[in-house]
Amino acid sequence: MSFRLPFHQRLANALSYNEFRIHYQPVVDMQTSELIGMEALCRWPQRDQTFAPPDSFIPQAETSGFIIQLGEWVMRNAIEQTKKWVTEYKLPLRLAVNLSGRQFMHHKLLETVQDALRQSGLKAENLDFEITETVAMQNAEDSIGVMRQIKQIGIGLSLDDFGTGYSSLSYLKRFPLDILKIDKSFVQDIPADQNDLAIVSAITVMALALNLKVLAEGVETEAQADFLRECGVTYAQGYLFGRPMPAEDFEEILKSHPTEVPLRAKAH
Ligand code: C2E
Ligand code: CA
Ligand code: CA
């Protein structure tokens with residue numbers, strides 16, 4: 001007789017057996033092509049050697065509240081790993097960690113991240129939080145309060161998946177953001193789709209005018225990178241520069257990278 005544990009129980013077991021993994025995707029400076037940091041992306045290895053995609057478990061973890069524990073695990077581990085890399089390779093790397101809606105509004109978020117920074121020794125300026133436009137807009141006034149507290153610690157803030165949600169330009173002006181991440185759905189059909197070309201260049205002009213850096217995600221081809229560079233996009237991420245990869249593989253990139261990265265390659 002076979003039976004399957006309820007999904008939330010499987011998630012909890014996976015965390016207690018230390019099954020989750022973090023993959024790191026390089027983020028590069030568009031003008032200099034230098035590596036400036038990486039985004040931490042959660043992975044759940046399965047028995048058949050595949051990874052369950054985050055979209056198949058993050059939403060459930062969010063609904064059940066388990067995302068608080070999982071998110072803390074990701075944050076602490078990625079912060080610790082980044083501290084090791086920053087120290088060993090003497091690079092001003094910036095780590096981007098995704099926050100779900102529940103994590104962003106959780107009363108212990110600041111306490112947890114401050115503790116993780118203290119324990120690891122990583123500086124707040126080496127860390128960015130990513131929240132989606134939809135999460136930021138859900139309760140915009142409260143969001144501004146949390147964002148200000150995050151910024152006060154010295155952590156950077158990116159608005160993820162920009163252009164896919166319901167956005168208000170008046171809030172965009174008031175949110176204390178550093179980086180606006182253009183969603184990959186606008187990047188994938190560049191340069192063929194005239195509308196996407198117009199949208200991406202308009203978003204970039206607007207964001208730069210608001211003193212934000214612009215990061216394009218999902219960059220897969222040289223043609224896309226060329227267009228984005230010409231638009232003035234600040235940073236990019238995508239398969240062209242590197243897929244999300246285990247820490248050991250990311251470290252190979254760091255080893256081959258010149259140790260002294262000019263300060264201008266820092267995100268802000
Ligand atoms: P996201 O934050 O928008 O992450 C970017 C997604 O785009 C990742 O999918 C990444 O693997 C994928 N990607 C990167 N470059 C390319 C490219 O060139 N082409 C294409 N087609 N895709 C690319 P992934 O890893 O499956 O993650 C999906 C989503 O799950 C993330 O979207 C994020 O919202 C969520 N997620 C992942 N890890 C965490 C986590 O630790 N905490 C929270 N709260 N959410 C997470
Ligand atoms: Ca993200
Ligand atoms: Ca995104």
# chains A, B, ... in the order shown; residues from 1 in each chain; ligands from 1
$ select_by_dssp --residues "segment 25-266 of chain A" --states "helix (DSSP H, G or I)" --output "PyMOL selection string"
chain A and resi 54-56+58-64+67-89+101-105+109-120+124-126+133-138+140-153+169-174+184-187+194-209+222-231+247-256+263-265
$ residues_near_ligand --ligand "ligand 2" --cutoff "12 Å" --atoms "only C-alpha atoms and all ligand atoms" --output "ChimeraX atom specification"
/A:24-25,27,38-42,54,95-100,128-133,157-162,179-184,215-218,237-238,244
$ write_last_selection --atoms "N, CA, C and O atoms" --output "compact mmCIF listing (two decimals), in the first residue's frame"
# COMPACT_ATOMS: atom_id res chain seq x y z
N TYR A 24 22.50 30.07 -8.10
CA TYR A 24 22.87 31.48 -8.22
C TYR A 24 22.96 31.84 -9.69
O TYR A 24 23.60 31.13 -10.46
N GLN A 25 22.30 32.94 -10.06
CA GLN A 25 22.38 33.39 -11.45
C GLN A 25 23.16 34.70 -11.53
O GLN A 25 22.85 35.66 -10.80
N VAL A 27 24.55 38.34 -12.43
CA VAL A 27 24.01 39.63 -12.88
C VAL A 27 25.21 40.42 -13.38
O VAL A 27 26.23 40.50 -12.69
N MET A 38 24.66 38.33 -8.01
CA MET A 38 23.90 37.14 -8.38
C MET A 38 22.55 37.12 -7.66
O MET A 38 22.41 37.67 -6.58
N GLU A 39 21.57 36.48 -8.31
CA GLU A 39 20.27 36.29 -7.68
C GLU A 39 20.20 34.87 -7.13
O GLU A 39 20.59 33.92 -7.81
N ALA A 40 19.73 34.75 -5.88
CA ALA A 40 19.56 33.43 -5.27
C ALA A 40 18.19 32.88 -5.65
O ALA A 40 17.18 33.56 -5.47
N LEU A 41 18.17 31.68 -6.22
CA LEU A 41 16.90 31.06 -6.63
C LEU A 41 16.80 29.68 -5.99
O LEU A 41 17.71 28.86 -6.10
N CYS A 42 15.68 29.45 -5.33
CA CYS A 42 15.50 28.22 -4.55
C CYS A 42 15.21 27.02 -5.46
O CYS A 42 14.48 27.15 -6.44
N PRO A 54 10.49 26.33 -8.81
CA PRO A 54 9.93 27.11 -7.71
C PRO A 54 8.45 27.41 -7.89
O PRO A 54 7.70 27.44 -6.91
N LEU A 95 24.19 40.36 -3.55
CA LEU A 95 23.29 39.21 -3.55
C LEU A 95 21.86 39.70 -3.62
O LEU A 95 21.47 40.58 -2.84
N ALA A 96 21.06 39.14 -4.54
CA ALA A 96 19.63 39.48 -4.60
C ALA A 96 18.82 38.31 -4.07
O ALA A 96 18.99 37.17 -4.50
N VAL A 97 17.97 38.59 -3.09
CA VAL A 97 17.11 37.57 -2.49
C VAL A 97 15.65 37.95 -2.74
O VAL A 97 15.25 39.09 -2.52
N ASN A 98 14.88 36.98 -3.23
CA ASN A 98 13.45 37.23 -3.50
C ASN A 98 12.64 37.17 -2.21
O ASN A 98 12.84 36.28 -1.39
N LEU A 99 11.73 38.11 -2.08
CA LEU A 99 10.81 38.08 -0.93
C LEU A 99 9.38 37.93 -1.45
O LEU A 99 8.95 38.69 -2.32
N SER A 100 8.65 36.97 -0.90
CA SER A 100 7.24 36.84 -1.27
C SER A 100 6.44 37.88 -0.47
O SER A 100 6.99 38.54 0.42
N ASP A 128 20.49 42.87 -1.71
CA ASP A 128 19.28 43.49 -2.27
C ASP A 128 18.10 42.57 -2.01
O ASP A 128 18.24 41.35 -2.12
N PHE A 129 16.96 43.15 -1.70
CA PHE A 129 15.73 42.38 -1.66
C PHE A 129 14.96 42.65 -2.94
O PHE A 129 14.90 43.79 -3.41
N GLU A 130 14.34 41.59 -3.49
CA GLU A 130 13.49 41.76 -4.66
C GLU A 130 12.04 41.51 -4.26
O GLU A 130 11.74 40.45 -3.70
N ILE A 131 11.19 42.48 -4.53
CA ILE A 131 9.76 42.23 -4.33
C ILE A 131 9.05 42.54 -5.65
O ILE A 131 9.49 43.42 -6.39
N THR A 132 8.00 41.80 -5.91
CA THR A 132 7.32 42.04 -7.19
C THR A 132 6.47 43.31 -7.08
O THR A 132 6.08 43.73 -5.99
N GLU A 133 6.21 43.83 -8.27
CA GLU A 133 5.36 45.01 -8.37
C GLU A 133 4.00 44.72 -7.71
O GLU A 133 3.46 45.55 -6.98
N LEU A 157 16.84 47.74 -2.73
CA LEU A 157 15.50 47.25 -3.07
C LEU A 157 15.29 47.23 -4.58
O LEU A 157 15.51 48.24 -5.24
N SER A 158 14.84 46.09 -5.08
CA SER A 158 14.52 45.98 -6.51
C SER A 158 13.05 45.67 -6.68
O SER A 158 12.48 44.89 -5.90
N LEU A 159 12.45 46.26 -7.70
CA LEU A 159 11.06 45.95 -8.02
C LEU A 159 11.08 44.93 -9.15
O LEU A 159 11.50 45.22 -10.27
N ASP A 160 10.63 43.70 -8.82
CA ASP A 160 10.73 42.55 -9.72
C ASP A 160 9.52 42.48 -10.66
O ASP A 160 8.45 42.99 -10.35
N ASP A 161 9.72 41.82 -11.80
CA ASP A 161 8.64 41.55 -12.76
C ASP A 161 7.94 42.83 -13.20
O ASP A 161 6.72 42.83 -13.42
N PHE A 162 8.69 43.92 -13.30
CA PHE A 162 8.03 45.19 -13.60
C PHE A 162 7.34 45.14 -14.97
O PHE A 162 7.88 44.66 -15.95
N ILE A 179 16.48 49.57 -7.91
CA ILE A 179 16.53 48.91 -9.22
C ILE A 179 15.13 48.52 -9.68
O ILE A 179 14.31 48.04 -8.89
N LEU A 180 14.88 48.74 -10.95
CA LEU A 180 13.63 48.28 -11.54
C LEU A 180 13.97 47.12 -12.49
O LEU A 180 14.80 47.28 -13.37
N LYS A 181 13.38 45.97 -12.24
CA LYS A 181 13.69 44.80 -13.07
C LYS A 181 12.62 44.63 -14.14
O LYS A 181 11.45 44.34 -13.83
N ILE A 182 13.01 44.81 -15.38
CA ILE A 182 12.05 44.65 -16.49
C ILE A 182 11.78 43.16 -16.67
O ILE A 182 12.71 42.36 -16.83
N ASP A 183 10.51 42.80 -16.66
CA ASP A 183 10.14 41.39 -16.73
C ASP A 183 10.60 40.76 -18.05
O ASP A 183 10.61 41.39 -19.11
N LYS A 184 10.95 39.46 -17.95
CA LYS A 184 11.50 38.79 -19.13
C LYS A 184 10.49 38.66 -20.28
O LYS A 184 10.89 38.48 -21.42
N LEU A 215 17.35 46.85 -14.60
CA LEU A 215 17.90 45.51 -14.83
C LEU A 215 16.95 44.76 -15.76
O LEU A 215 15.75 44.68 -15.47
N ALA A 216 17.47 44.25 -16.85
CA ALA A 216 16.63 43.46 -17.77
C ALA A 216 16.85 41.99 -17.46
O ALA A 216 17.99 41.53 -17.39
N GLU A 217 15.76 41.25 -17.26
CA GLU A 217 15.92 39.81 -16.98
C GLU A 217 15.52 38.99 -18.20
O GLU A 217 14.85 39.48 -19.10
N GLY A 218 16.01 37.76 -18.24
CA GLY A 218 15.65 36.86 -19.35
C GLY A 218 16.38 37.18 -20.64
O GLY A 218 15.88 36.90 -21.73
N GLN A 237 20.56 40.07 -16.79
CA GLN A 237 20.58 38.73 -16.22
C GLN A 237 19.90 37.84 -17.25
O GLN A 237 18.91 38.24 -17.85
N GLY A 238 20.41 36.65 -17.46
CA GLY A 238 19.75 35.75 -18.40
C GLY A 238 20.70 34.67 -18.87
O GLY A 238 21.90 34.71 -18.57
N PRO A 244 20.91 29.99 -13.81
CA PRO A 244 21.04 29.76 -12.36
C PRO A 244 21.81 28.46 -12.17
O PRO A 244 21.53 27.48 -12.86
$ closest_residue --among "A:Thr221, A:Gln46, A:Asn195, A:Thr63" --to "ligand 1" --atoms "only C-alpha atoms and all ligand atoms"
A:Thr221
$ residues_around --residues "Arg148 of chain A" --least-positions-apart "5" --cutoff "9 Å" --atoms "only C-alpha atoms" --output "list in words"
Ser143, Ile153, Phe175 and Pro176 of chain A
$ atom_distance --atom1 "atom CA of Leu240 of chain A" --atom2 "atom CA of Thr134 of chain A"
27.2 Å
$ closest_atom_pairs --of "segment 107-187 of chain A" --to "segment 72-93 of chain A" --cutoff "12 Å" --atoms "only C-alpha atoms" --output "JSON lines"
{"residue": "A:Lys108", "atom": "CA", "partner": "A:Glu72", "partner_atom": "CA", "distance": 10.2}
{"residue": "A:Leu109", "atom": "CA", "partner": "A:Glu72", "partner_atom": "CA", "distance": 8.7}
{"residue": "A:Leu110", "atom": "CA", "partner": "A:Glu72", "partner_atom": "CA", "distance": 11.1}
{"residue": "A:Glu111", "atom": "CA", "partner": "A:Glu72", "partner_atom": "CA", "distance": 11.0}
{"residue": "A:Thr112", "atom": "CA", "partner": "A:Glu72", "partner_atom": "CA", "distance": 7.4}
{"residue": "A:Val113", "atom": "CA", "partner": "A:Met75", "partner_atom": "CA", "distance": 7.5}
{"residue": "A:Gln114", "atom": "CA", "partner": "A:Arg76", "partner_atom": "CA", "distance": 10.2}
{"residue": "A:Asp115", "atom": "CA", "partner": "A:Arg76", "partner_atom": "CA", "distance": 8.9}
{"residue": "A:Ala116", "atom": "CA", "partner": "A:Arg76", "partner_atom": "CA", "distance": 5.5}
{"residue": "A:Leu117", "atom": "CA", "partner": "A:Ile79", "partner_atom": "CA", "distance": 7.0}
{"residue": "A:Arg118", "atom": "CA", "partner": "A:Glu80", "partner_atom": "CA", "distance": 10.2}
{"residue": "A:Gln119", "atom": "CA", "partner": "A:Glu80", "partner_atom": "CA", "distance": 8.3}
{"residue": "A:Ser120", "atom": "CA", "partner": "A:Glu80", "partner_atom": "CA", "distance": 5.3}
{"residue": "A:Gly121", "atom": "CA", "partner": "A:Lys83", "partner_atom": "CA", "distance": 6.8}
{"residue": "A:Leu122", "atom": "CA", "partner": "A:Lys83", "partner_atom": "CA", "distance": 5.1}
{"residue": "A:Lys123", "atom": "CA", "partner": "A:Lys83", "partner_atom": "CA", "distance": 8.3}
{"residue": "A:Ala124", "atom": "CA", "partner": "A:Ile79", "partner_atom": "CA", "distance": 9.8}
{"residue": "A:Glu125", "atom": "CA", "partner": "A:Pro92", "partner_atom": "CA", "distance": 9.2}
{"residue": "A:Asn126", "atom": "CA", "partner": "A:Leu93", "partner_atom": "CA", "distance": 6.2}
{"residue": "A:Leu127", "atom": "CA", "partner": "A:Ile79", "partner_atom": "CA", "distance": 7.9}
{"residue": "A:Asp128", "atom": "CA", "partner": "A:Ile79", "partner_atom": "CA", "distance": 10.6}
{"residue": "A:Phe129", "atom": "CA", "partner": "A:Met75", "partner_atom": "CA", "distance": 9.8}
{"residue": "A:Glu130", "atom": "CA", "partner": "A:Met75", "partner_atom": "CA", "distance": 11.9}
$ closest_residue --among "A:Gln149, A:Ser168, A:Gln103, A:Asn139" --to "ligand 1" --atoms "only C-alpha atoms and all ligand atoms"
A:Gln103
$ residues_around --residues "Asn13 of chain A" --least-positions-apart "6" --cutoff "12 Å" --atoms "only C-alpha atoms" --output "PDB file with N, CA, C and O atoms, in the first residue's frame"
ATOM      1  N   LEU A   5       2.390  11.777   1.495  1.00  0.00           N
ATOM      2  CA  LEU A   5       2.215  12.777   2.541  1.00  0.00           C
ATOM      3  C   LEU A   5       1.569  14.014   1.945  1.00  0.00           C
ATOM      4  O   LEU A   5       1.765  14.308   0.773  1.00  0.00           O
ATOM      5  N   PRO A   6       0.806  14.748   2.753  1.00  0.00           N
ATOM      6  CA  PRO A   6       0.264  16.012   2.250  1.00  0.00           C
ATOM      7  C   PRO A   6       1.433  16.914   1.827  1.00  0.00           C
ATOM      8  O   PRO A   6       2.530  16.831   2.389  1.00  0.00           O
ATOM      9  N   PHE A   7       1.166  17.764   0.845  1.00  0.00           N
ATOM     10  CA  PHE A   7       2.236  18.573   0.253  1.00  0.00           C
ATOM     11  C   PHE A   7       2.971  19.418   1.292  1.00  0.00           C
ATOM     12  O   PHE A   7       4.202  19.500   1.297  1.00  0.00           O
ATOM     13  N   GLU A  19      17.058  19.420   2.296  1.00  0.00           N
ATOM     14  CA  GLU A  19      17.018  19.010   0.887  1.00  0.00           C
ATOM     15  C   GLU A  19      17.044  20.190  -0.088  1.00  0.00           C
ATOM     16  O   GLU A  19      17.397  20.025  -1.248  1.00  0.00           O
ATOM     17  N   PHE A  20      16.610  21.354   0.360  1.00  0.00           N
ATOM     18  CA  PHE A  20      16.545  22.478  -0.583  1.00  0.00           C
ATOM     19  C   PHE A  20      17.942  22.926  -0.969  1.00  0.00           C
ATOM     20  O   PHE A  20      18.902  22.747  -0.214  1.00  0.00           O
ATOM     21  N   TRP A  44      14.378  22.619  -5.401  1.00  0.00           N
ATOM     22  CA  TRP A  44      14.020  21.452  -4.597  1.00  0.00           C
ATOM     23  C   TRP A  44      14.322  20.180  -5.408  1.00  0.00           C
ATOM     24  O   TRP A  44      13.547  19.803  -6.277  1.00  0.00           O
ATOM     25  N   PHE A  66       4.416  28.442   5.076  1.00  0.00           N
ATOM     26  CA  PHE A  66       5.719  27.788   5.172  1.00  0.00           C
ATOM     27  C   PHE A  66       6.841  28.629   4.557  1.00  0.00           C
ATOM     28  O   PHE A  66       8.016  28.493   4.893  1.00  0.00           O
ATOM     29  N   GLN A  69       9.544  30.090   6.861  1.00  0.00           N
ATOM     30  CA  GLN A  69      10.703  29.262   7.244  1.00  0.00           C
ATOM     31  C   GLN A  69      11.643  29.029   6.057  1.00  0.00           C
ATOM     32  O   GLN A  69      12.857  29.128   6.178  1.00  0.00           O
ATOM     33  N   LEU A  70      11.034  28.708   4.900  1.00  0.00           N
ATOM     34  CA  LEU A  70      11.854  28.444   3.722  1.00  0.00           C
ATOM     35  C   LEU A  70      12.635  29.709   3.323  1.00  0.00           C
ATOM     36  O   LEU A  70      13.835  29.644   3.020  1.00  0.00           O
TER      37      LEU A  70
END
$ closest_residue --among "A:Glu248, A:Asp196, A:Asp189, A:Asp226" --to "ligand 1" --atoms "only C-alpha atoms and all ligand atoms"
A:Asp189
$ atom_distance --atom1 "atom CA of Arg21 of chain A" --atom2 "atom CA of Arg43 of chain A"
5.0 Å
$ closest_residue --among "A:Phe227, A:Tyr17, A:Phe51, A:Phe186" --to "Met245 of chain A" --atoms "only C-alpha atoms"
A:Phe51
$ closest_residue --among "A:Ala14, A:Leu212, A:Ile58, A:Ile36" --to "ligand 1" --atoms "only C-alpha atoms and all ligand atoms"
A:Ile58
$ select_by_dssp --residues "segment 84-200 of chain A" --states "strand (DSSP E)" --output "number ranges by chain"
A: 94-98, 127-132, 156-162, 179-182
$ residues_around --residues "Leu172 of chain A" --least-positions-apart "5" --cutoff "9 Å" --atoms "only C-alpha atoms" --output "VMD selection string"
chain A and resid 167 177 210
$ closest_residue --among "A:Gln152, A:Ser170, A:Ser185, A:Thr204" --to "Met137 of chain A" --atoms "only C-alpha atoms"
A:Ser170
$ atom_distance --atom1 "atom CA of Ala236 of chain A" --atom2 "atom CA of Arg174 of chain A"
24.4 Å
$ decode --residues "segment 88-100 of chain A" --atoms "N, CA and C atoms" --output "PDB file, in the first residue's frame"
ATOM      1  N   GLU A  88      36.719  35.825   0.045  1.00  0.00           N
ATOM      2  CA  GLU A  88      37.738  35.037  -0.640  1.00  0.00           C
ATOM      3  C   GLU A  88      38.166  35.654  -1.972  1.00  0.00           C
ATOM      4  N   TYR A  89      37.216  36.190  -2.728  1.00  0.00           N
ATOM      5  CA  TYR A  89      37.563  36.689  -4.074  1.00  0.00           C
ATOM      6  C   TYR A  89      37.684  38.214  -4.123  1.00  0.00           C
ATOM      7  N   LYS A  90      37.483  38.857  -2.978  1.00  0.00           N
ATOM      8  CA  LYS A  90      37.624  40.319  -2.881  1.00  0.00           C
ATOM      9  C   LYS A  90      36.834  41.047  -3.961  1.00  0.00           C
ATOM     10  N   LEU A  91      35.597  40.608  -4.126  1.00  0.00           N
ATOM     11  CA  LEU A  91      34.727  41.248  -5.120  1.00  0.00           C
ATOM     12  C   LEU A  91      33.554  41.905  -4.397  1.00  0.00           C
ATOM     13  N   PRO A  92      33.141  43.093  -4.857  1.00  0.00           N
ATOM     14  CA  PRO A  92      32.006  43.758  -4.210  1.00  0.00           C
ATOM     15  C   PRO A  92      30.671  43.176  -4.696  1.00  0.00           C
ATOM     16  N   LEU A  93      30.486  41.879  -4.492  1.00  0.00           N
ATOM     17  CA  LEU A  93      29.296  41.210  -5.028  1.00  0.00           C
ATOM     18  C   LEU A  93      28.026  41.650  -4.319  1.00  0.00           C
ATOM     19  N   ARG A  94      26.950  41.718  -5.082  1.00  0.00           N
ATOM     20  CA  ARG A  94      25.643  41.995  -4.485  1.00  0.00           C
ATOM     21  C   ARG A  94      24.768  40.768  -4.647  1.00  0.00           C
ATOM     22  N   LEU A  95      24.194  40.358  -3.552  1.00  0.00           N
ATOM     23  CA  LEU A  95      23.295  39.205  -3.550  1.00  0.00           C
ATOM     24  C   LEU A  95      21.857  39.702  -3.618  1.00  0.00           C
ATOM     25  N   ALA A  96      21.057  39.144  -4.545  1.00  0.00           N
ATOM     26  CA  ALA A  96      19.632  39.479  -4.603  1.00  0.00           C
ATOM     27  C   ALA A  96      18.819  38.307  -4.066  1.00  0.00           C
ATOM     28  N   VAL A  97      17.967  38.592  -3.085  1.00  0.00           N
ATOM     29  CA  VAL A  97      17.109  37.567  -2.486  1.00  0.00           C
ATOM     30  C   VAL A  97      15.650  37.948  -2.744  1.00  0.00           C
ATOM     31  N   ASN A  98      14.879  36.977  -3.234  1.00  0.00           N
ATOM     32  CA  ASN A  98      13.451  37.226  -3.500  1.00  0.00           C
ATOM     33  C   ASN A  98      12.643  37.168  -2.215  1.00  0.00           C
ATOM     34  N   LEU A  99      11.726  38.108  -2.079  1.00  0.00           N
ATOM     35  CA  LEU A  99      10.806  38.076  -0.932  1.00  0.00           C
ATOM     36  C   LEU A  99       9.378  37.930  -1.451  1.00  0.00           C
ATOM     37  N   SER A 100       8.653  36.969  -0.904  1.00  0.00           N
ATOM     38  CA  SER A 100       7.242  36.839  -1.271  1.00  0.00           C
ATOM     39  C   SER A 100       6.443  37.875  -0.469  1.00  0.00           C
TER      40      SER A 100
END
